[in-house]
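Data from coords_22.cif: mmCIF, C-alpha atoms
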data_final
#
loop_
_atom_site.label_atom_id
_atom_site.label_comp_id
_atom_site.auth_asym_id
_atom_site.auth_seq_id
_atom_site.Cartn_x
_atom_site.Cartn_y
_atom_site.Cartn_z
CA MET A 1 85.64 69.94 -13.27
CA ARG A 2 82.83 67.62 -12.28
CA HIS A 3 83.71 64.37 -10.50
CA ILE A 4 81.89 61.04 -10.35
CA LEU A 5 82.05 58.34 -7.67
CA ILE A 6 80.97 54.83 -8.65
CA ILE A 7 80.24 53.24 -5.29
CA GLY A 8 79.77 49.53 -4.61
CA ILE A 9 76.99 49.22 -2.02
CA GLY A 10 76.95 45.47 -1.41
CA ALA A 11 74.48 42.73 -2.23
CA GLY A 12 71.45 44.12 -0.40
CA ASN A 13 72.28 44.31 3.28
CA PRO A 14 72.90 47.94 4.35
CA GLU A 15 75.61 46.61 6.69
CA HIS A 16 77.59 45.49 3.64
CA MET A 17 78.58 49.14 3.23
CA THR A 18 82.29 49.63 3.83
CA VAL A 19 83.74 52.62 5.67
CA GLN A 20 85.25 53.74 2.36
CA ALA A 21 81.83 53.56 0.67
CA ILE A 22 80.13 55.51 3.47
CA ASN A 23 82.81 58.19 3.29
CA ALA A 24 82.35 58.33 -0.49
CA LEU A 25 78.59 58.85 -0.10
CA ASN A 26 79.37 61.82 2.11
CA ARG A 27 81.73 63.30 -0.46
CA ALA A 28 78.91 63.58 -2.99
CA ASP A 29 76.86 66.69 -3.65
CA VAL A 30 74.35 64.64 -5.66
CA LEU A 31 73.39 60.98 -5.21
CA PHE A 32 71.86 59.43 -8.33
CA ILE A 33 69.25 56.73 -7.68
CA PRO A 34 68.00 54.68 -10.65
CA THR A 35 64.41 53.47 -10.83
CA LYS A 36 63.48 50.40 -12.85
CA GLY A 37 59.70 50.37 -12.88
CA GLU A 38 57.05 49.23 -10.44
CA LYS A 39 58.26 45.62 -10.28
CA LYS A 40 61.65 46.66 -8.90
CA THR A 41 60.69 49.40 -6.47
CA GLU A 42 62.49 47.52 -3.68
CA LEU A 43 65.83 48.13 -5.40
CA ALA A 44 65.33 51.88 -5.33
CA GLU A 45 64.02 51.68 -1.76
CA LEU A 46 67.17 49.89 -0.62
CA ARG A 47 69.31 52.63 -2.14
CA ARG A 48 67.16 55.30 -0.49
CA GLY A 49 67.48 53.47 2.82
CA ILE A 50 71.27 53.34 2.52
CA CYS A 51 71.38 57.08 1.86
CA ALA A 52 69.05 57.81 4.78
CA ARG A 53 71.13 55.64 7.08
CA TYR A 54 74.62 56.81 6.19
CA VAL A 55 74.54 60.22 4.53
CA THR A 56 75.20 62.97 7.06
CA ARG A 57 76.51 65.66 4.74
CA ALA A 58 74.38 68.79 4.91
CA GLY A 59 73.17 70.03 1.56
CA SER A 60 73.60 66.82 -0.42
CA ARG A 61 70.59 65.74 -2.44
CA THR A 62 69.27 62.70 -4.26
CA VAL A 63 68.16 62.68 -7.86
CA GLU A 64 66.15 59.77 -9.21
CA PHE A 65 66.15 58.80 -12.87
CA ALA A 66 64.49 56.12 -14.97
CA VAL A 67 66.74 53.43 -16.44
CA PRO A 68 65.96 52.60 -20.09
CA VAL A 69 64.52 49.13 -20.71
CA ARG A 70 66.63 46.70 -22.73
CA ARG A 71 64.89 45.72 -25.98
CA THR A 72 65.65 42.26 -27.32
CA GLU A 73 63.23 41.86 -30.24
CA GLY A 74 65.00 41.14 -33.52
CA ARG A 75 68.49 41.68 -32.13
CA SER A 76 71.37 39.55 -30.98
CA TYR A 77 72.33 39.61 -27.30
CA VAL A 78 75.38 41.78 -27.98
CA GLU A 79 73.38 44.22 -30.12
CA SER A 80 70.61 44.56 -27.55
CA VAL A 81 73.10 45.19 -24.73
CA ASP A 82 75.01 47.74 -26.80
CA ASP A 83 71.81 49.65 -27.62
CA TRP A 84 70.76 49.48 -23.96
CA HIS A 85 74.09 50.82 -22.77
CA ALA A 86 73.86 53.64 -25.30
CA GLY A 87 70.49 54.61 -23.83
CA ILE A 88 71.84 54.53 -20.28
CA ALA A 89 74.90 56.57 -21.34
CA ALA A 90 72.57 59.21 -22.79
CA ALA A 91 70.65 59.29 -19.49
CA TYR A 92 73.90 59.67 -17.52
CA GLU A 93 75.10 62.45 -19.79
CA ALA A 94 71.84 64.35 -19.35
CA LEU A 95 72.04 63.95 -15.57
CA LEU A 96 75.58 65.29 -15.40
CA GLU A 97 74.71 68.27 -17.56
CA SER A 98 71.48 69.19 -15.76
CA GLU A 99 72.03 68.13 -12.15
CA LEU A 100 75.76 68.44 -11.48
CA ALA A 101 77.46 71.84 -11.58
CA GLU A 102 81.10 72.38 -12.39
CA GLY A 103 83.23 71.48 -9.38
CA GLN A 104 80.57 69.25 -7.84
CA THR A 105 80.74 65.51 -7.14
CA GLY A 106 78.02 63.03 -8.08
CA ALA A 107 77.66 59.40 -6.99
CA PHE A 108 76.16 56.35 -8.62
CA LEU A 109 75.25 53.58 -6.15
CA VAL A 110 76.01 50.19 -7.71
CA TRP A 111 74.87 46.79 -6.44
CA GLY A 112 77.70 44.56 -5.28
CA ASP A 113 81.05 45.64 -6.68
CA PRO A 114 81.21 47.79 -9.84
CA MET A 115 83.87 45.54 -11.37
CA LEU A 116 81.91 42.26 -11.22
CA TYR A 117 79.18 41.76 -13.83
CA ASP A 118 78.12 45.39 -13.79
CA SER A 119 78.42 47.86 -16.65
CA THR A 120 78.45 51.20 -14.85
CA ILE A 121 82.19 51.68 -15.37
CA ARG A 122 82.05 51.01 -19.11
CA ILE A 123 78.95 53.21 -19.48
CA VAL A 124 80.66 56.08 -17.63
CA GLU A 125 83.68 55.59 -19.90
CA ARG A 126 81.33 55.77 -22.87
CA VAL A 127 80.02 59.14 -21.65
CA LYS A 128 83.57 60.35 -21.03
CA THR A 129 84.68 59.33 -24.54
CA ARG A 130 81.81 61.28 -26.14
CA GLY A 131 83.32 64.41 -24.65
CA GLN A 132 80.09 66.34 -24.20
CA VAL A 133 80.66 66.53 -20.42
CA THR A 134 84.12 66.78 -18.85
CA PHE A 135 84.62 64.88 -15.60
CA GLY A 136 86.90 62.56 -13.66
CA TYR A 137 85.80 59.52 -11.69
CA ASP A 138 86.79 57.04 -8.99
CA VAL A 139 85.54 53.51 -8.26
CA ILE A 140 84.88 52.32 -4.71
CA PRO A 141 84.72 48.51 -4.32
CA GLY A 142 81.91 46.71 -2.52
CA ILE A 143 80.78 43.33 -1.21
CA THR A 144 79.74 41.14 -4.14
CA SER A 145 76.84 38.70 -4.41
CA LEU A 146 79.53 36.04 -4.84
CA GLN A 147 80.97 36.83 -1.41
CA ALA A 148 77.49 36.97 0.10
CA LEU A 149 76.61 33.58 -1.44
CA CYS A 150 79.67 31.84 -0.02
CA ALA A 151 79.14 33.45 3.37
CA SER A 152 75.48 32.42 3.55
CA HIS A 153 76.38 28.82 2.67
CA ARG A 154 79.49 28.89 4.88
CA ILE A 155 81.75 27.58 2.11
CA PRO A 156 85.09 28.65 0.66
CA LEU A 157 84.94 29.81 -2.95
CA ASN A 158 87.64 27.49 -4.25
CA LEU A 159 88.85 23.94 -3.77
CA VAL A 160 92.45 23.76 -2.55
CA GLY A 161 94.81 24.56 -5.41
CA LYS A 162 91.98 24.68 -7.97
CA PRO A 163 90.75 27.49 -10.23
CA VAL A 164 87.29 29.05 -10.21
CA GLU A 165 85.40 30.22 -13.29
CA ILE A 166 82.82 33.02 -13.13
CA THR A 167 80.46 32.73 -16.07
CA THR A 168 76.91 33.20 -17.30
CA GLY A 169 74.13 30.69 -17.76
CA ARG A 170 74.47 30.96 -21.52
CA ARG A 171 78.07 29.72 -21.35
CA LEU A 172 77.93 27.28 -18.45
CA ALA A 173 78.02 24.17 -20.65
CA GLU A 174 81.33 25.30 -22.15
CA SER A 175 83.22 24.83 -18.91
CA PHE A 176 81.49 22.79 -16.21
CA PRO A 177 82.41 20.18 -15.18
CA HIS A 178 84.92 19.17 -17.86
CA ARG A 179 87.11 22.31 -17.73
CA ASN A 180 86.74 23.62 -14.19
CA GLU A 181 85.54 21.90 -11.04
CA THR A 182 84.02 25.08 -9.61
CA ALA A 183 81.85 27.49 -11.59
CA VAL A 184 79.99 30.52 -10.33
CA VAL A 185 77.03 31.42 -12.50
CA MET A 186 75.57 34.91 -12.75
CA LEU A 187 72.96 36.33 -15.12
CA ASP A 188 71.17 33.04 -15.69
CA GLY A 189 67.64 33.69 -16.88
CA GLU A 190 67.23 30.14 -18.18
CA GLN A 191 68.49 28.17 -15.15
CA ALA A 192 71.21 26.41 -17.11
CA PHE A 193 71.96 24.10 -14.17
CA ARG A 194 68.90 22.07 -15.25
CA LYS A 195 70.95 20.64 -18.12
CA ILE A 196 73.89 19.50 -15.99
CA GLU A 197 73.59 15.72 -15.56
CA ASP A 198 76.81 14.95 -13.67
CA PRO A 199 75.85 12.84 -10.62
CA ASP A 200 78.68 14.32 -8.52
CA ALA A 201 77.75 17.94 -9.11
CA GLU A 202 76.79 20.04 -6.10
CA ILE A 203 74.98 23.36 -6.13
CA TYR A 204 74.92 26.29 -3.73
CA TRP A 205 72.14 28.63 -4.83
CA GLY A 206 70.96 31.94 -3.41
CA ALA A 207 68.49 34.69 -4.25
CA TYR A 208 67.96 38.19 -2.82
CA LEU A 209 71.19 37.72 -0.90
CA GLY A 210 71.69 40.09 2.00
CA THR A 211 68.05 41.16 2.09
CA PRO A 212 65.20 40.05 4.39
CA ASP A 213 63.90 37.96 1.46
CA GLU A 214 67.10 35.91 1.14
CA ILE A 215 66.65 32.28 0.03
CA VAL A 216 69.48 29.72 -0.01
CA ILE A 217 69.36 26.07 -1.08
CA SER A 218 72.24 23.62 -1.41
CA GLY A 219 72.84 19.93 -2.05
CA ARG A 220 73.51 17.38 -4.75
CA LEU A 221 72.32 19.01 -7.94
CA ALA A 222 70.28 16.00 -9.02
CA GLU A 223 68.47 16.01 -5.69
CA VAL A 224 67.70 19.72 -5.26
CA LYS A 225 67.40 21.16 -8.77
CA GLU A 226 63.60 20.85 -8.81
CA GLN A 227 63.39 22.43 -5.36
CA ILE A 228 65.44 25.38 -6.60
CA LEU A 229 63.33 25.77 -9.73
CA GLU A 230 60.13 25.76 -7.70
CA ALA A 231 61.49 28.19 -5.10
CA ARG A 232 62.80 30.52 -7.79
CA ALA A 233 59.52 30.56 -9.72
CA ALA A 234 57.49 31.18 -6.57
CA ALA A 235 59.78 33.98 -5.44
CA ARG A 236 59.71 35.68 -8.82
CA GLU A 237 55.91 35.49 -8.89
CA ARG A 238 55.70 36.94 -5.40
CA MET A 239 58.30 39.71 -5.82
CA GLY A 240 57.91 40.51 -9.51
CA TRP A 241 61.68 40.20 -10.05
CA ILE A 242 64.57 38.03 -8.95
CA MET A 243 68.33 38.36 -8.56
CA ASP A 244 70.07 35.05 -7.96
CA ILE A 245 73.48 33.44 -8.24
CA TYR A 246 74.82 29.94 -7.73
CA LEU A 247 78.01 27.98 -7.38
CA LEU A 248 78.43 24.54 -8.97
CA ARG A 249 81.14 22.24 -7.73
CA LYS A 250 82.49 18.79 -8.47
CA GLY A 251 85.18 16.84 -6.67
CA ALA A 252 84.42 17.48 -3.00
CA ASP A 253 82.19 15.53 -0.65
CA PHE A 254 78.98 17.42 0.00
CA GLU A 255 78.41 18.41 3.61
CA GLU A 256 75.28 19.97 5.04
#
Represent the supplied structure as structure tokens.
Amino acid sequence: MRHILIIGIGAGNPEHMTVQAINALNRADVLFIPTKGEKKTELAELRRGICARYVTRAGSRTVEFAVPVRRTEGRSYVESVDDWHAGIAAAYEALLESELAEGQTGAFLVWGDPMLYDSTIRIVERVKTRGQVTFGYDVIPGITSLQALCASHRIPLNLVGKPVEITTGRRLAESFPHRNETAVVMLDGEQAFRKIEDPDAEIYWGAYLGTPDEIVISGRLAEVKEQILEARAAARERMGWIMDIYLLRKGADFEE
């Protein structure tokens, strides 16, 4: 039977790779590397670099494949994501059938940790449920962008005895600051922090964490929000893409 490894590779720094992840790479006969168009060539290059640095297994090979583009026109968010995942599942299924022989092991290299705001696990389950290809799979955890953010800012994730909410920009207003004093925001294409008016709110923002292009900004939200917006826009213009995350907090004195 075929076997799949879903490997968390960290937030962008090759040294985020755990020993378990490196060993998993070297268990694979085939390493699948997604490509996402010209604007995101760096993402594929980082995966290639990780393979070149850590894979020592003779005879293993890499196979690159194009990731379908998510279409949003005329659809709700949930509908567009479901259609997108269906397209990726079809691509995965074709890869397993054409590139992975019975008894072989394939690996998907996933940014951060596969369990945190990533859909590889549910897409692989979707392929498995279809039943066209029989396989088993394991998940190898990795360093998340959330861990990298806190480390770069030298802050603990939580206030003492307080909960933390991990949410998206679309849902930030539902919880911060009235429900939770600490919120981590991922997948925020609209920079929802702009609408937070609480004078005691603090922000710890980071982009391209773990890479040579890393940018981090922190401070009272009211004082640094424009700086973050300008830095984010400039970085996206320069790079052609951006991956960022931020932590909002209320109830603790801000320290540089």
Handout entry: Residue among A:Val133, A:Ile50, A:Ala107, A:Val55 lying closest to A:His16, counting all atoms listed in the file
Key = A:Ile50
Exercise for the section: Quick one: apply the PyMOL selection byres ((chain A and resi 136) around 9) to the file and drop the selected residues here as a ChimeraX atom specification. Expected result: /A:1-5,128,134-135,137-138
Practice task
Name the residues captured by the PyMOL selection byres ((chain A and resi 62-65) around 12) when it is applied to the shown file; answer as number ranges by chain.
Solution key: A: 25-26, 28-37, 44-45, 47-52, 55, 57, 59-61, 66-68, 88, 90-96, 98-100, 106-109
Problem - Expansion of the PyMOL selection byres ((chain A and resi 196) around 9) into residues, as number ranges by chain - result: A: 173, 176-177, 192-195, 197-199, 201, 221-222
Which residues of stretch 42-123 of chain A come within 12 Å of stretch 228-249 of chain A, and what is each one's closest atom pair and distance in Å (one decimal), counting all atoms listed in the file, sorted by chain and residue number, as CSV?
residue,atom,partner,partner_atom,distance
A:Glu42,CA,A:Met239,CA,9.1
A:Leu43,CA,A:Trp241,CA,10.1
A:Trp111,CA,A:Met243,CA,10.9
A:Gly112,CA,A:Met243,CA,11.7
A:Tyr117,CA,A:Ile245,CA,11.5
Would you save the residues of that selection, restricted to C-alpha atoms, as a JSON list (two decimals), in the coordinates of the input?
[["chain", "number", "residue", "atom", "x", "y", "z"],
["A", 42, "GLU", "CA", 62.49, 47.52, -3.68],
["A", 43, "LEU", "CA", 65.83, 48.13, -5.40],
["A", 111, "TRP", "CA", 74.87, 46.79, -6.44],
["A", 112, "GLY", "CA", 77.70, 44.56, -5.28],
["A", 117, "TYR", "CA", 79.18, 41.76, -13.83]]
Exercise for the section: Tell me, in Å to one decimal, how far atom CA of A:Gly131 is from atom CA of A:Glu102. Expected result: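 Those two atoms sit 14.8 Å apart.
With distances restricted to all atoms listed in the file, A:Pro114 is the closest residue to A:Gly10 from A:Pro114, A:Gly103, A:Gly87, A:Gly219.
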Practice task
Grab the atom CA of A:Ile140 to atom CA of A:Ile121 distance for me, in Å with one decimal place.
Solution key: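 Taking atom CA of A:Ile140 and atom CA of A:Ile121, their separation equals 11.0 Å.
Here atom CA of A:Ser80 is placed at a distance of 18.2 Å from atom CA of A:Val124.
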Practice task
Rank nothing, just name the residue among A:Met186, A:Ala24, A:Ala11, A:Val216 nearest to A:Leu172, using all atoms listed in the file.
Solution key: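 Going through A:Met186, A:Ala24, A:Ala11, A:Val216 one by one, the smallest distance to A:Leu172 is for A:Met186.
With all atoms listed in the file as the atoms that count, the residue of A:Ala207, A:Met17, A:Ile155, A:Val184 with the shortest distance to A:Thr168 is A:Val184.
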